[in-house]
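File shown: entry.txt (compact mmCIF, C-alpha atoms and all ligand atoms).
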```txt
# COMPACT_ATOMS: atom_id res chain seq x y z
CA MET L 1 -97.70 -50.89 84.41
CA PHE L 2 -95.76 -53.94 83.26
CA ASP L 3 -98.22 -56.22 81.56
CA SER L 4 -97.14 -58.54 78.75
CA ASN L 5 -98.74 -61.13 76.53
CA SER L 6 -97.72 -63.83 78.95
CA PHE L 7 -98.22 -62.13 82.31
CA HIS L 8 -101.42 -60.13 82.53
CA TYR L 9 -104.30 -59.34 84.82
CA THR L 10 -107.43 -61.42 84.44
CA GLY L 11 -109.92 -59.31 86.32
CA ASN L 12 -107.94 -58.28 89.38
CA THR L 13 -105.62 -61.29 89.51
CA LEU L 14 -102.29 -61.63 87.78
CA SER L 15 -101.97 -64.69 85.55
CA CYS L 16 -99.26 -66.44 83.62
CA GLU L 17 -100.83 -67.34 80.29
CA GLU L 18 -104.10 -68.98 81.40
CA VAL L 19 -103.03 -69.90 84.91
CA SER L 20 -103.60 -67.71 87.95
CA LEU L 21 -100.42 -66.99 89.94
CA GLN L 22 -102.50 -67.16 93.10
CA GLU L 23 -103.38 -70.75 92.28
CA LEU L 24 -99.74 -71.64 91.56
CA ALA L 25 -98.57 -70.18 94.85
CA GLY L 26 -101.20 -72.26 96.63
CA ARG L 27 -100.19 -75.43 94.80
CA TYR L 28 -96.39 -75.14 94.91
CA GLY L 29 -95.64 -72.67 97.70
CA THR L 30 -93.41 -69.61 97.58
CA PRO L 31 -90.87 -68.35 96.66
CA LEU L 32 -91.58 -69.77 93.23
CA PHE L 33 -90.21 -69.07 89.77
CA VAL L 34 -92.99 -69.20 87.17
CA THR L 35 -91.91 -69.33 83.52
CA SER L 36 -94.11 -68.88 80.47
CA ALA L 37 -93.33 -71.20 77.55
CA LYS L 38 -95.21 -68.80 75.31
CA SER L 39 -92.93 -65.92 76.25
CA LEU L 40 -89.79 -68.01 75.57
CA THR L 41 -91.23 -69.01 72.21
CA GLU L 42 -92.30 -65.49 71.24
CA SER L 43 -88.91 -64.01 72.13
CA TYR L 44 -87.08 -66.67 70.15
CA LEU L 45 -89.34 -66.18 67.12
CA ALA L 46 -88.96 -62.39 67.33
CA PHE L 47 -85.18 -62.80 67.36
CA GLU L 48 -85.27 -65.18 64.41
CA HIS L 49 -87.61 -62.90 62.50
CA ALA L 50 -85.33 -59.89 62.99
CA PHE L 51 -82.30 -61.74 61.59
CA ALA L 52 -84.18 -63.88 59.07
CA THR L 53 -82.34 -62.54 56.03
CA LEU L 54 -78.88 -63.29 57.46
CA PRO L 55 -77.49 -66.84 57.35
CA HIS L 56 -77.22 -67.43 61.06
CA PHE L 57 -77.55 -69.83 63.91
CA THR L 58 -78.87 -68.85 67.35
CA CYS L 59 -77.30 -70.43 70.40
CA TYR L 60 -79.24 -69.68 73.59
CA SER L 61 -76.77 -68.73 76.32
CA VAL L 62 -77.86 -71.20 78.96
CA LYS L 63 -76.11 -69.30 81.73
CA ALA L 64 -79.16 -67.02 81.75
CA ASN L 65 -81.50 -69.84 82.82
CA PHE L 66 -80.28 -73.41 82.70
CA ASN L 67 -83.44 -75.21 83.77
CA LEU L 68 -83.68 -78.31 81.56
CA SER L 69 -87.25 -77.51 80.52
CA VAL L 70 -86.34 -73.96 79.55
CA ILE L 71 -83.45 -75.24 77.41
CA ARG L 72 -85.68 -77.90 75.88
CA THR L 73 -88.46 -75.42 75.05
CA LEU L 74 -85.98 -73.38 73.02
CA ALA L 75 -84.17 -76.40 71.55
CA GLU L 76 -87.48 -77.75 70.23
CA LEU L 77 -87.83 -74.55 68.23
CA GLY L 78 -84.44 -75.21 66.60
CA CYS L 79 -82.26 -73.14 68.89
CA GLY L 80 -78.72 -74.27 69.77
CA CYS L 81 -76.84 -73.51 72.99
CA ASP L 82 -73.88 -71.52 74.20
CA VAL L 83 -72.38 -73.19 77.29
CA ASN L 84 -69.72 -71.92 79.64
CA SER L 85 -68.71 -74.98 81.66
CA GLY L 86 -68.83 -78.74 81.78
CA GLY L 87 -71.92 -78.44 83.97
CA GLU L 88 -73.76 -76.32 81.41
CA LEU L 89 -72.72 -78.70 78.63
CA PHE L 90 -74.09 -81.60 80.71
CA ARG L 91 -77.37 -79.74 81.12
CA ALA L 92 -77.68 -78.84 77.43
CA LEU L 93 -77.05 -82.45 76.40
CA LYS L 94 -79.49 -83.75 79.04
CA ALA L 95 -82.12 -81.34 77.73
CA GLY L 96 -81.73 -82.96 74.32
CA VAL L 97 -79.64 -80.37 72.48
CA LYS L 98 -77.58 -81.94 69.70
CA PRO L 99 -73.82 -81.49 70.32
CA GLU L 100 -73.32 -80.03 66.86
CA LYS L 101 -75.61 -77.20 67.95
CA ILE L 102 -73.51 -76.34 71.00
CA VAL L 103 -70.67 -73.84 71.26
CA PHE L 104 -68.41 -73.98 74.32
CA ALA L 105 -67.12 -70.72 75.82
CA GLY L 106 -65.27 -69.79 79.01
CA VAL L 107 -62.10 -68.00 79.99
CA GLY L 108 -60.89 -70.82 82.28
CA LYS L 109 -61.79 -74.23 80.87
CA LYS L 110 -60.28 -77.11 82.82
CA PRO L 111 -58.58 -79.93 80.91
CA GLU L 112 -61.41 -82.31 81.81
CA GLU L 113 -63.96 -79.81 80.49
CA ILE L 114 -62.07 -79.50 77.20
CA ALA L 115 -61.94 -83.30 76.93
CA TYR L 116 -65.67 -83.56 77.73
CA ALA L 117 -66.51 -81.00 75.04
CA LEU L 118 -64.34 -82.76 72.45
CA GLU L 119 -65.69 -86.19 73.28
CA SER L 120 -69.26 -84.86 73.11
CA GLY L 121 -68.64 -83.48 69.62
CA VAL L 122 -69.60 -79.84 70.18
CA LEU L 123 -69.56 -77.53 67.17
CA MET L 124 -66.72 -75.34 68.45
CA LEU L 125 -64.63 -74.48 71.46
CA LYS L 126 -64.05 -70.77 71.80
CA ALA L 127 -60.47 -70.20 72.97
CA GLU L 128 -59.57 -67.17 75.02
CA SER L 129 -55.76 -67.36 75.27
CA VAL L 130 -52.64 -68.74 73.63
CA SER L 131 -52.20 -71.14 76.56
CA GLU L 132 -55.74 -72.43 76.10
CA LEU L 133 -55.16 -73.04 72.38
CA ARG L 134 -52.09 -75.11 73.29
CA ALA L 135 -54.12 -77.03 75.89
CA ILE L 136 -56.94 -77.76 73.42
CA ASP L 137 -54.39 -78.96 70.85
CA ARG L 138 -52.67 -81.23 73.38
CA ILE L 139 -55.94 -82.72 74.68
CA ALA L 140 -57.33 -83.21 71.16
CA GLY L 141 -54.10 -85.00 70.27
CA GLU L 142 -54.38 -87.29 73.31
CA LEU L 143 -57.94 -88.12 72.29
CA GLY L 144 -56.96 -88.69 68.66
CA ARG L 145 -59.29 -85.93 67.51
CA ASN L 146 -59.12 -82.66 65.69
CA ALA L 147 -60.69 -79.76 67.57
CA THR L 148 -62.66 -77.07 65.76
CA VAL L 149 -62.00 -73.79 67.49
CA ALA L 150 -62.99 -70.16 67.36
CA ILE L 151 -60.84 -67.50 68.89
CA ARG L 152 -62.58 -65.03 71.13
CA ILE L 153 -61.38 -61.56 70.28
CA ASN L 154 -61.33 -58.81 72.85
CA PRO L 155 -62.39 -55.92 70.60
CA ASN L 156 -61.59 -53.30 73.24
CA VAL L 157 -65.02 -51.73 73.10
CA THR L 158 -66.38 -50.39 76.36
CA ALA L 159 -70.11 -50.86 76.01
CA GLU L 160 -72.25 -48.64 78.20
CA THR L 161 -73.83 -50.94 80.75
CA HIS L 162 -73.21 -51.95 84.35
CA PRO L 163 -69.40 -52.32 84.80
CA TYR L 164 -69.86 -55.91 86.07
CA ILE L 165 -71.40 -56.96 82.75
CA THR L 166 -69.11 -55.26 80.26
CA THR L 167 -66.80 -57.86 78.77
CA GLY L 168 -65.33 -56.43 75.57
CA ASP L 169 -62.92 -53.96 77.16
CA SER L 170 -59.18 -54.72 77.10
CA LYS L 171 -58.89 -54.24 80.87
CA GLU L 172 -61.22 -57.21 81.39
CA LYS L 173 -60.12 -60.86 81.47
CA PHE L 174 -62.04 -61.94 78.38
CA GLY L 175 -60.71 -62.85 74.96
CA ILE L 176 -57.49 -62.32 73.06
CA ASP L 177 -56.19 -58.80 72.35
CA GLU L 178 -55.76 -57.63 68.80
CA ALA L 179 -52.04 -57.12 69.53
CA GLU L 180 -51.63 -60.84 70.20
CA LEU L 181 -53.37 -62.04 67.07
CA GLU L 182 -50.28 -62.31 64.85
CA GLU L 183 -48.77 -64.73 67.35
CA VAL L 184 -52.06 -66.63 67.55
CA PHE L 185 -52.37 -67.01 63.79
CA GLU L 186 -48.75 -68.23 63.59
CA LEU L 187 -49.43 -70.72 66.34
CA PHE L 188 -51.99 -72.52 64.18
CA GLY L 189 -49.16 -73.39 61.80
CA THR L 190 -47.43 -75.31 64.58
CA LEU L 191 -50.40 -77.06 66.21
CA GLY L 192 -51.62 -80.14 64.39
CA ASN L 193 -54.81 -81.01 66.26
CA ILE L 194 -56.86 -77.83 66.02
CA THR L 195 -58.56 -76.10 63.11
CA LEU L 196 -59.57 -72.45 63.23
CA LYS L 197 -63.09 -72.04 61.90
CA GLY L 198 -64.54 -69.17 63.88
CA LEU L 199 -63.99 -65.71 65.28
CA ASP L 200 -65.96 -64.77 68.33
CA MET L 201 -66.71 -61.83 70.62
CA HIS L 202 -69.13 -60.90 73.37
CA ILE L 203 -69.01 -57.26 74.42
CA GLY L 204 -71.28 -57.39 77.45
CA SER L 205 -74.88 -57.58 78.49
CA GLN L 206 -77.98 -55.36 78.45
CA ILE L 207 -76.45 -53.04 75.84
CA PHE L 208 -78.92 -50.47 74.53
CA ASP L 209 -76.71 -48.69 71.99
CA THR L 210 -76.40 -50.46 68.63
CA GLY L 211 -73.25 -48.40 67.99
CA PHE L 212 -71.17 -50.60 70.30
CA TYR L 213 -72.10 -53.69 68.27
CA VAL L 214 -71.29 -51.88 65.04
CA GLU L 215 -67.90 -50.78 66.36
CA ALA L 216 -66.98 -54.25 67.64
CA THR L 217 -68.34 -56.03 64.54
CA MET L 218 -66.25 -53.83 62.28
CA LYS L 219 -63.17 -54.80 64.27
CA LEU L 220 -64.16 -58.46 64.04
CA LEU L 221 -64.59 -58.13 60.27
CA ASP L 222 -61.13 -56.55 59.93
CA ILE L 223 -59.69 -59.55 61.73
CA PHE L 224 -61.80 -61.87 59.59
CA ASN L 225 -60.29 -60.30 56.45
CA SER L 226 -56.74 -60.61 57.82
CA ALA L 227 -57.39 -64.28 58.68
CA LYS L 228 -58.71 -64.89 55.17
CA ASP L 229 -55.61 -63.25 53.68
CA LEU L 230 -53.51 -65.64 55.75
CA GLY L 231 -55.37 -68.59 54.24
CA PHE L 232 -57.72 -69.44 57.11
CA CYS L 233 -61.15 -70.66 56.14
CA ILE L 234 -63.41 -68.93 58.69
CA GLU L 235 -66.94 -70.33 58.53
CA TYR L 236 -68.44 -68.71 61.63
CA LEU L 237 -68.53 -65.19 63.03
CA ASP L 238 -69.94 -65.27 66.55
CA ILE L 239 -71.26 -61.89 67.69
CA GLY L 240 -72.15 -63.07 71.22
CA GLY L 241 -75.21 -62.01 73.18
CA GLY L 242 -76.00 -58.96 75.25
CA PHE L 243 -79.18 -57.78 73.47
CA PRO L 244 -81.26 -55.75 75.90
CA VAL L 245 -84.65 -56.24 77.50
CA THR L 246 -87.03 -53.88 79.25
CA TYR L 247 -86.90 -54.23 83.02
CA ASP L 248 -88.31 -50.81 83.73
CA PRO L 249 -91.15 -49.56 81.51
CA LYS L 250 -89.61 -46.08 81.82
CA LYS L 251 -86.44 -47.38 80.12
CA GLN L 252 -87.61 -49.25 77.04
CA ALA L 253 -84.98 -51.53 75.52
CA THR L 254 -83.83 -50.87 71.97
CA PRO L 255 -85.90 -53.21 69.76
CA ILE L 256 -84.02 -56.19 68.35
CA GLU L 257 -84.88 -55.01 64.82
CA HIS L 258 -82.63 -51.99 65.32
CA PHE L 259 -79.67 -54.29 65.99
CA ALA L 260 -80.59 -56.38 62.96
CA GLN L 261 -80.87 -53.29 60.72
CA LYS L 262 -77.32 -52.26 61.66
CA LEU L 263 -75.69 -55.68 61.75
CA ILE L 264 -77.14 -57.47 58.73
CA PRO L 265 -75.63 -55.14 56.08
CA LEU L 266 -72.26 -55.35 57.85
CA LEU L 267 -72.20 -59.12 58.23
CA ALA L 268 -73.97 -60.43 55.13
CA PRO L 269 -71.10 -59.67 52.69
CA ALA L 270 -68.75 -61.87 54.75
CA GLY L 271 -70.60 -64.90 53.40
CA VAL L 272 -70.30 -66.87 56.65
CA THR L 273 -72.75 -68.27 59.20
CA VAL L 274 -73.26 -65.74 61.96
CA ILE L 275 -73.76 -67.12 65.48
CA PHE L 276 -75.74 -65.16 68.06
CA GLU L 277 -75.78 -66.03 71.76
CA PRO L 278 -78.77 -64.28 73.34
CA GLY L 279 -79.45 -65.22 76.93
CA ARG L 280 -81.32 -62.44 78.67
CA TYR L 281 -83.23 -61.50 75.50
CA LEU L 282 -84.87 -64.94 75.41
CA ALA L 283 -85.28 -65.65 79.11
CA ALA L 284 -85.55 -62.47 81.20
CA ASN L 285 -89.17 -61.57 80.63
CA ALA L 286 -90.34 -65.19 80.51
CA SER L 287 -90.35 -65.64 84.31
CA VAL L 288 -91.53 -63.98 87.47
CA LEU L 289 -90.46 -64.66 91.02
CA LEU L 290 -93.58 -65.15 93.08
CA THR L 291 -93.22 -64.23 96.73
CA ARG L 292 -95.54 -63.96 99.72
CA ILE L 293 -95.66 -60.94 101.99
CA LEU L 294 -94.73 -62.18 105.45
CA TYR L 295 -94.90 -58.91 107.35
CA ARG L 296 -95.55 -55.27 106.85
CA LYS L 297 -93.69 -52.95 109.16
CA ARG L 298 -93.08 -49.28 109.67
CA ASN L 299 -90.11 -47.79 111.49
CA HIS L 300 -89.93 -44.70 113.72
CA THR L 301 -89.22 -42.45 110.70
CA GLY L 302 -92.43 -43.62 109.06
CA LYS L 303 -90.60 -45.75 106.52
CA GLU L 304 -92.63 -48.73 105.34
CA PHE L 305 -91.36 -52.21 104.57
CA PHE L 306 -92.83 -55.28 102.95
CA VAL L 307 -90.88 -58.25 104.30
CA VAL L 308 -91.35 -61.03 101.74
CA ASP L 309 -90.36 -64.68 101.70
CA ALA L 310 -88.04 -64.39 98.67
CA ALA L 311 -84.59 -62.96 99.04
CA MET L 312 -81.33 -62.11 97.31
CA THR L 313 -80.66 -65.85 97.46
CA GLU L 314 -83.29 -66.29 94.71
CA LEU L 315 -82.73 -63.06 92.76
CA ILE L 316 -79.43 -61.34 93.44
CA ARG L 317 -79.59 -58.81 90.60
CA PRO L 318 -80.81 -55.85 92.72
CA ALA L 319 -78.04 -56.50 95.27
CA LEU L 320 -75.32 -57.17 92.69
CA TYR L 321 -76.14 -54.64 89.99
CA HIS L 322 -78.74 -52.38 91.63
CA SER L 323 -81.09 -53.66 88.94
CA HIS L 324 -84.67 -52.51 88.71
CA HIS L 325 -87.41 -55.17 88.69
CA GLU L 326 -91.04 -54.21 88.47
CA ILE L 327 -93.11 -55.57 91.36
CA LEU L 328 -96.79 -56.28 90.80
CA SER L 329 -99.35 -57.24 93.35
CA VAL L 330 -100.92 -60.53 92.32
CA THR L 331 -104.23 -59.15 93.52
CA ARG L 332 -104.78 -55.61 92.35
CA HIS L 333 -105.50 -52.91 94.94
CA ASP L 334 -107.00 -49.44 94.59
CA SER L 335 -104.56 -47.74 96.93
CA THR L 336 -100.77 -47.56 96.90
CA ILE L 337 -98.04 -47.16 99.45
CA ARG L 338 -94.38 -46.12 99.16
CA ALA L 339 -92.22 -48.85 100.68
CA ASP L 340 -89.12 -51.02 100.50
CA VAL L 341 -89.51 -54.68 99.55
CA VAL L 342 -86.97 -56.72 101.46
CA GLY L 343 -86.16 -60.38 102.03
CA PRO L 344 -85.32 -62.38 105.15
CA VAL L 345 -81.54 -62.66 104.57
CA CYS L 346 -79.17 -60.97 107.01
CA GLU L 347 -77.70 -58.47 104.54
CA SER L 348 -78.79 -54.88 103.98
CA SER L 349 -78.40 -55.53 100.27
CA ASP L 350 -81.24 -58.06 100.47
CA PHE L 351 -83.90 -55.95 98.81
CA PHE L 352 -86.03 -56.03 95.66
CA ALA L 353 -87.13 -52.41 95.68
CA ARG L 354 -86.42 -49.28 97.66
CA HIS L 355 -88.85 -46.46 98.28
CA ARG L 356 -91.16 -47.74 95.53
CA GLU L 357 -94.82 -46.84 94.98
CA LEU L 358 -96.58 -50.21 95.22
CA ASP L 359 -100.06 -51.59 95.61
CA ALA L 360 -101.01 -51.50 99.28
CA ALA L 361 -101.08 -55.29 99.57
CA GLU L 362 -101.68 -56.98 102.91
CA GLU L 363 -99.67 -59.54 104.86
CA GLY L 364 -100.24 -62.99 103.36
CA GLU L 365 -100.78 -61.61 99.85
CA LEU L 366 -98.47 -62.16 96.89
CA PHE L 367 -96.08 -60.02 94.89
CA ALA L 368 -94.67 -60.98 91.50
CA VAL L 369 -91.12 -59.75 90.93
CA MET L 370 -91.13 -59.34 87.17
CA SER L 371 -88.45 -60.09 84.54
CA ALA L 372 -86.78 -62.64 86.80
CA GLY L 373 -86.07 -65.27 84.12
CA ALA L 374 -82.46 -64.42 83.36
CA TYR L 375 -79.68 -64.56 85.94
CA GLY L 376 -82.25 -65.33 88.65
CA ALA L 377 -82.69 -69.00 89.53
CA VAL L 378 -79.25 -69.83 88.09
CA MET L 379 -77.61 -67.58 90.63
CA SER L 380 -79.67 -68.85 93.57
CA SER L 381 -77.83 -70.10 96.62
CA ASN L 382 -78.34 -71.74 99.99
CA TYR L 383 -76.84 -68.79 101.89
CA ASN L 384 -78.46 -68.36 105.29
CA GLY L 385 -79.57 -72.00 105.05
CA ARG L 386 -82.20 -71.09 102.52
CA LEU L 387 -83.84 -73.64 100.26
CA ARG L 388 -83.46 -72.91 96.57
CA PRO L 389 -86.96 -72.40 95.20
CA ALA L 390 -89.24 -74.53 93.08
CA GLU L 391 -89.77 -73.68 89.41
CA VAL L 392 -92.89 -74.09 87.31
CA LEU L 393 -93.31 -73.94 83.53
CA VAL L 394 -96.68 -72.76 82.23
CA SER L 395 -97.98 -73.49 78.78
CA GLY L 396 -101.53 -72.32 78.07
CA SER L 397 -103.71 -73.64 80.86
CA GLU L 398 -101.14 -76.23 82.01
CA ALA L 399 -98.55 -75.74 84.74
CA LYS L 400 -95.77 -78.24 85.32
CA LEU L 401 -93.32 -78.41 88.21
CA VAL L 402 -89.89 -78.33 86.52
CA ARG L 403 -87.73 -78.03 89.63
CA ARG L 404 -88.62 -79.15 93.12
CA ARG L 405 -87.83 -76.90 96.07
CA ASP L 406 -84.68 -77.92 97.97
CA THR L 407 -85.21 -79.86 101.18
CA TYR L 408 -83.37 -79.54 104.48
CA ASP L 409 -81.74 -82.93 103.82
CA GLN L 410 -80.33 -81.61 100.55
CA LEU L 411 -78.68 -78.77 102.44
CA ILE L 412 -76.33 -81.26 104.09
CA GLN L 413 -76.25 -84.16 101.65
CA ASN L 414 -72.72 -83.50 100.37
CA GLU L 415 -71.19 -82.92 103.77
CA VAL L 416 -68.95 -85.56 105.31
CA PHE L 417 -69.75 -85.46 109.01
C1 LIG Y 501 -69.86 -65.46 76.02
C2 LIG Y 501 -71.24 -65.03 76.36
N1 LIG Y 501 -72.21 -65.19 75.44
C3 LIG Y 501 -73.48 -64.83 75.70
C4 LIG Y 501 -73.83 -64.28 76.92
C5 LIG Y 501 -75.28 -63.93 77.15
O1 LIG Y 501 -75.45 -62.59 77.43
P1 LIG Y 501 -76.94 -62.00 77.51
O2 LIG Y 501 -77.65 -62.80 78.51
O3 LIG Y 501 -76.76 -60.59 77.92
O4 LIG Y 501 -77.51 -62.12 76.15
C6 LIG Y 501 -72.86 -64.09 77.90
C7 LIG Y 501 -73.21 -63.50 79.18
O5 LIG Y 501 -72.43 -63.28 80.06
C8 LIG Y 501 -71.52 -64.48 77.61
O6 LIG Y 501 -70.57 -64.34 78.52
```
Can you turn what I pasted into structure tokens?
Ligand SMILES: Cc1ncc(COP(=O)(O)O)c(C=O)c1O
Amino acid sequence: MFDSNSFHYTGNTLSCEEVSLQELAGRYGTPLFVTSAKSLTESYLAFEHAFATLPHFTCYSVKANFNLSVIRTLAELGCGCDVNSGGELFRALKAGVKPEKIVFAGVGKKPEEIAYALESGVLMLKAESVSELRAIDRIAGELGRNATVAIRINPNVTAETHPYITTGDSKEKFGIDEAELEEVFELFGTLGNITLKGLDMHIGSQIFDTGFYVEATMKLLDIFNSAKDLGFCIEYLDIGGGFPVTYDPKKQATPIEHFAQKLIPLLAPAGVTVIFEPGRYLAANASVLLTRILYRKRNHTGKEFFVVDAAMTELIRPALYHSHHEILSVTRHDSTIRADVVGPVCESSDFFARHRELDAAEEGELFAVMSAGAYGAVMSSNYNGRLRPAEVLVSGSEAKLVRRRDTYDQLIQNEVF
């Protein structure tokens, strides 16, 4: 049973905080993302509590869920942002995040994105190649500015997670190899418009083993010491995100305190500000994807299907990473049935669960696909002519629409016909 502080049964009906999901589906239709402000807040405070003794600064990785109201909920608690594109920077600024609380990442920043970041006054750009450092220097010079940069190190640590979300291995595109660092440090002597103030890494996502962070952090600290010996004044060590969450109650995530216990003694002696970039940790368990059962069907082999009105176009994680998401019936039932939960899109990978023991819900009833807050709505698409869903933010007994559902007109509004 997946039941949290924020999503729980009241009697036999699943609620978000004090609002029944049944009522929200009636009011706003389905598929619908429902996010709990309380869950966002509790996750942020738990993270801050774990690292309280370390001078640090938490930048929510908005790629996990870039809804303006989600960003604002966290920003109001003091959280900064990690952005990965001009579009994400635009969103963070629109949500009210101060530029000096924003770090700008990305392996392929376009010149106009670099200029936008510099003109906005972000805290740091995190450079991922020698060519990018040259580009930042040139653009900063054209703008008459000095750019504060961090270099993203590729620590060559292969964290155990899904191969599509490991990013700290030298065969991946991310960051600058250790072997290149001498050249990079020398480069700073020749470039007049950039100042190196940070070292950065991000080894991947949903990493359960603290050992990978320890290994990569030790490499980062070695580089930090070399940079100091060369006369660089490094003020920030950015450890990235990747802290895990529980999607499947049978596979409990390593508590954040365990990461803190390992990392604080390593990082504190450096005497710098540590930046963390949690995305999933803050957002994943704050939302559910609410979907209505359109049809139940059974094939000639006896296999059962729930055909629901949400699809891979709203939550692609099962199709992309074979991720597990708990599925709860919004109205509890006494009996169960083993079935697949599938969406209406014309792809066999359009499923939320396979051969899963579920409440024997009826056509017209609702399922909640749990832990859908990170890498859900942000990855939604209009494939198959589908309308990207509405999003609601719940706080206590209040529910607010924070994104309207797409309309048919919006599907064609950018086409020149
Ligand atoms: C540079 C960077 N920082 C932070 C994150 C957030 O990762 P997570 O959501 O696993 O915390 C990502 C995710 O891809 C990333 O690429």
Select, from L:Leu118, L:Val34, L:Ile153, L:Leu45, the residue with the minimum atom-to-atom distance to ligand LIG 501 (chain Y), counting only C-alpha atoms and all ligand atoms.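 Answer, going by the shortest atom-to-atom distance: L:Ile153.
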Interatomic distance between CA of His355 in chain L and CA of Ile327 in chain L? 12.2 Å
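One finds CA of Asn84 in chain L at 22.4 Å from CA of Gly141 in chain L.
Residues in contact range of Phe243 in chain L, defined as at most 10 Å between all atoms listed in the file, with sequence neighbours fewer than 2 positions away removed, read Phe47, Gly204, Ser205, Gln206, Ile207, Phe208, Asp209, Thr210, Tyr213, Gly240, Gly241, Val245, Ala253, Thr254, Pro255, Ile256, Phe259, Phe276, Glu277, Pro278, Gly279, Arg280, Tyr281 and Leu282 of chain L.
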Please produce an output containing C-alpha atoms for each residue in the selection, written as an mmCIF file, keeping the file's coordinate frame.
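Output saved as part-v8.cif:
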```
data_model
loop_
_atom_site.group_PDB
_atom_site.id
_atom_site.type_symbol
_atom_site.label_atom_id
_atom_site.label_comp_id
_atom_site.auth_asym_id
_atom_site.auth_seq_id
_atom_site.Cartn_x
_atom_site.Cartn_y
_atom_site.Cartn_z
ATOM 1 C CA PHE L 47 -85.180 -62.800 67.360
ATOM 2 C CA GLY L 204 -71.280 -57.390 77.450
ATOM 3 C CA SER L 205 -74.880 -57.580 78.490
ATOM 4 C CA GLN L 206 -77.980 -55.360 78.450
ATOM 5 C CA ILE L 207 -76.450 -53.040 75.840
ATOM 6 C CA PHE L 208 -78.920 -50.470 74.530
ATOM 7 C CA ASP L 209 -76.710 -48.690 71.990
ATOM 8 C CA THR L 210 -76.400 -50.460 68.630
ATOM 9 C CA TYR L 213 -72.100 -53.690 68.270
ATOM 10 C CA GLY L 240 -72.150 -63.070 71.220
ATOM 11 C CA GLY L 241 -75.210 -62.010 73.180
ATOM 12 C CA VAL L 245 -84.650 -56.240 77.500
ATOM 13 C CA ALA L 253 -84.980 -51.530 75.520
ATOM 14 C CA THR L 254 -83.830 -50.870 71.970
ATOM 15 C CA PRO L 255 -85.900 -53.210 69.760
ATOM 16 C CA ILE L 256 -84.020 -56.190 68.350
ATOM 17 C CA PHE L 259 -79.670 -54.290 65.990
ATOM 18 C CA PHE L 276 -75.740 -65.160 68.060
ATOM 19 C CA GLU L 277 -75.780 -66.030 71.760
ATOM 20 C CA PRO L 278 -78.770 -64.280 73.340
ATOM 21 C CA GLY L 279 -79.450 -65.220 76.930
ATOM 22 C CA ARG L 280 -81.320 -62.440 78.670
ATOM 23 C CA TYR L 281 -83.230 -61.500 75.500
ATOM 24 C CA LEU L 282 -84.870 -64.940 75.410
#
```
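Checking L:Leu181, L:Val62, L:Leu21, L:Ala283 one by one against Ser43 in chain L, counting only C-alpha atoms, you find the shortest gap at L:Ala283.
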Which neighbours of range 392-402 of chain L fall inside 6 Å, counting all atoms listed in the file, when residues of the same chain fewer than 6 positions from it are skipped, and could you give them as a ChimeraX atom specification? /L:17-19,34-37
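Across the model, the gap from CA of Phe66 in chain L to CA of Phe352 in chain L is 22.4 Å.
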Skipping near chain neighbours, those fewer than 4 positions away, what residues fall within 10 Å of range 55-59 of chain L using only C-alpha atoms, listed as a PyMOL selection string? chain L and resi 44+47-48+51+74-75+78-83+101-103+236-238+240-241+264+267-268+271-279
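Here the question is which of L:Ala64, L:Ile139, L:Val70, L:Ala147 gets nearest to ligand LIG 501 (chain Y) using all atoms listed in the file, and that residue is L:Ala64.
In this comparison, which uses all atoms listed in the file, the residue of L:Thr30, L:Thr407, L:Thr331, L:Ser85 approaching ligand LIG 501 (chain Y) most closely is L:Ser85.
Nearest residue to Ile412 in chain L, choosing from L:Leu387, L:Val308, L:Leu187, L:Met370 and counting all atoms listed in the file: L:Leu387.
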Counting all atoms listed in the file, what is within 6 Å of Val122 in chain L, bar same-chain residues fewer than 3 positions away, as an MDAnalysis selection string? chainID L and resid 99:100 102 117
Name all residues at most 6 Å from Leu14 in chain L (count all atoms listed in the file; drop same-chain ones fewer than 3 positions away) and give them as a count of residues only. 3
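Comparing L:Arg134, L:Lys219, L:Lys250, L:Arg91 by their smallest distance to Asn193 in chain L, the closest is L:Arg134 (using all atoms listed in the file).
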Kindly provide, as number ranges by chain, the polymer residues lying within 12 Å of (-81.2, -66.4, 90.3), counting only C-alpha atoms and using the coordinates exactly as they appear in the file. L: 31-33, 63-67, 283-284, 287-289, 310-320, 369, 371-382, 388-391
Considering all atoms listed in the file, give me a table of residues in range 368-390 of chain L that are at most 10 Å from range 341-347 of chain L, with the closest atom pair and distance in Å for each, as CSV.
```
residue,atom,partner,partner_atom,distance
L:Tyr383,CA,L:Val345,CA,8.2
L:Asn384,CA,L:Val345,CA,6.5
L:Gly385,CA,L:Val345,CA,9.6
L:Arg386,CA,L:Val345,CA,8.7
```
Those same residues - C-alpha atoms - I'd like them written as a PDB file, in the coordinates of the input.
```pdb
ATOM      1  CA  TYR L 383     -76.840 -68.790 101.890  1.00  0.00           C
ATOM      2  CA  ASN L 384     -78.460 -68.360 105.290  1.00  0.00           C
ATOM      3  CA  GLY L 385     -79.570 -72.000 105.050  1.00  0.00           C
ATOM      4  CA  ARG L 386     -82.200 -71.090 102.520  1.00  0.00           C
TER       5      ARG L 386
END
```
Taking (-55.6, -71.0, 56.2) in the coordinates of the supplied file, I want to know which residues reach to within 12 Å of it, counting all atoms listed in the file; could you give the answer as a ChimeraX atom specification? /L:185-189,195-198,224-235
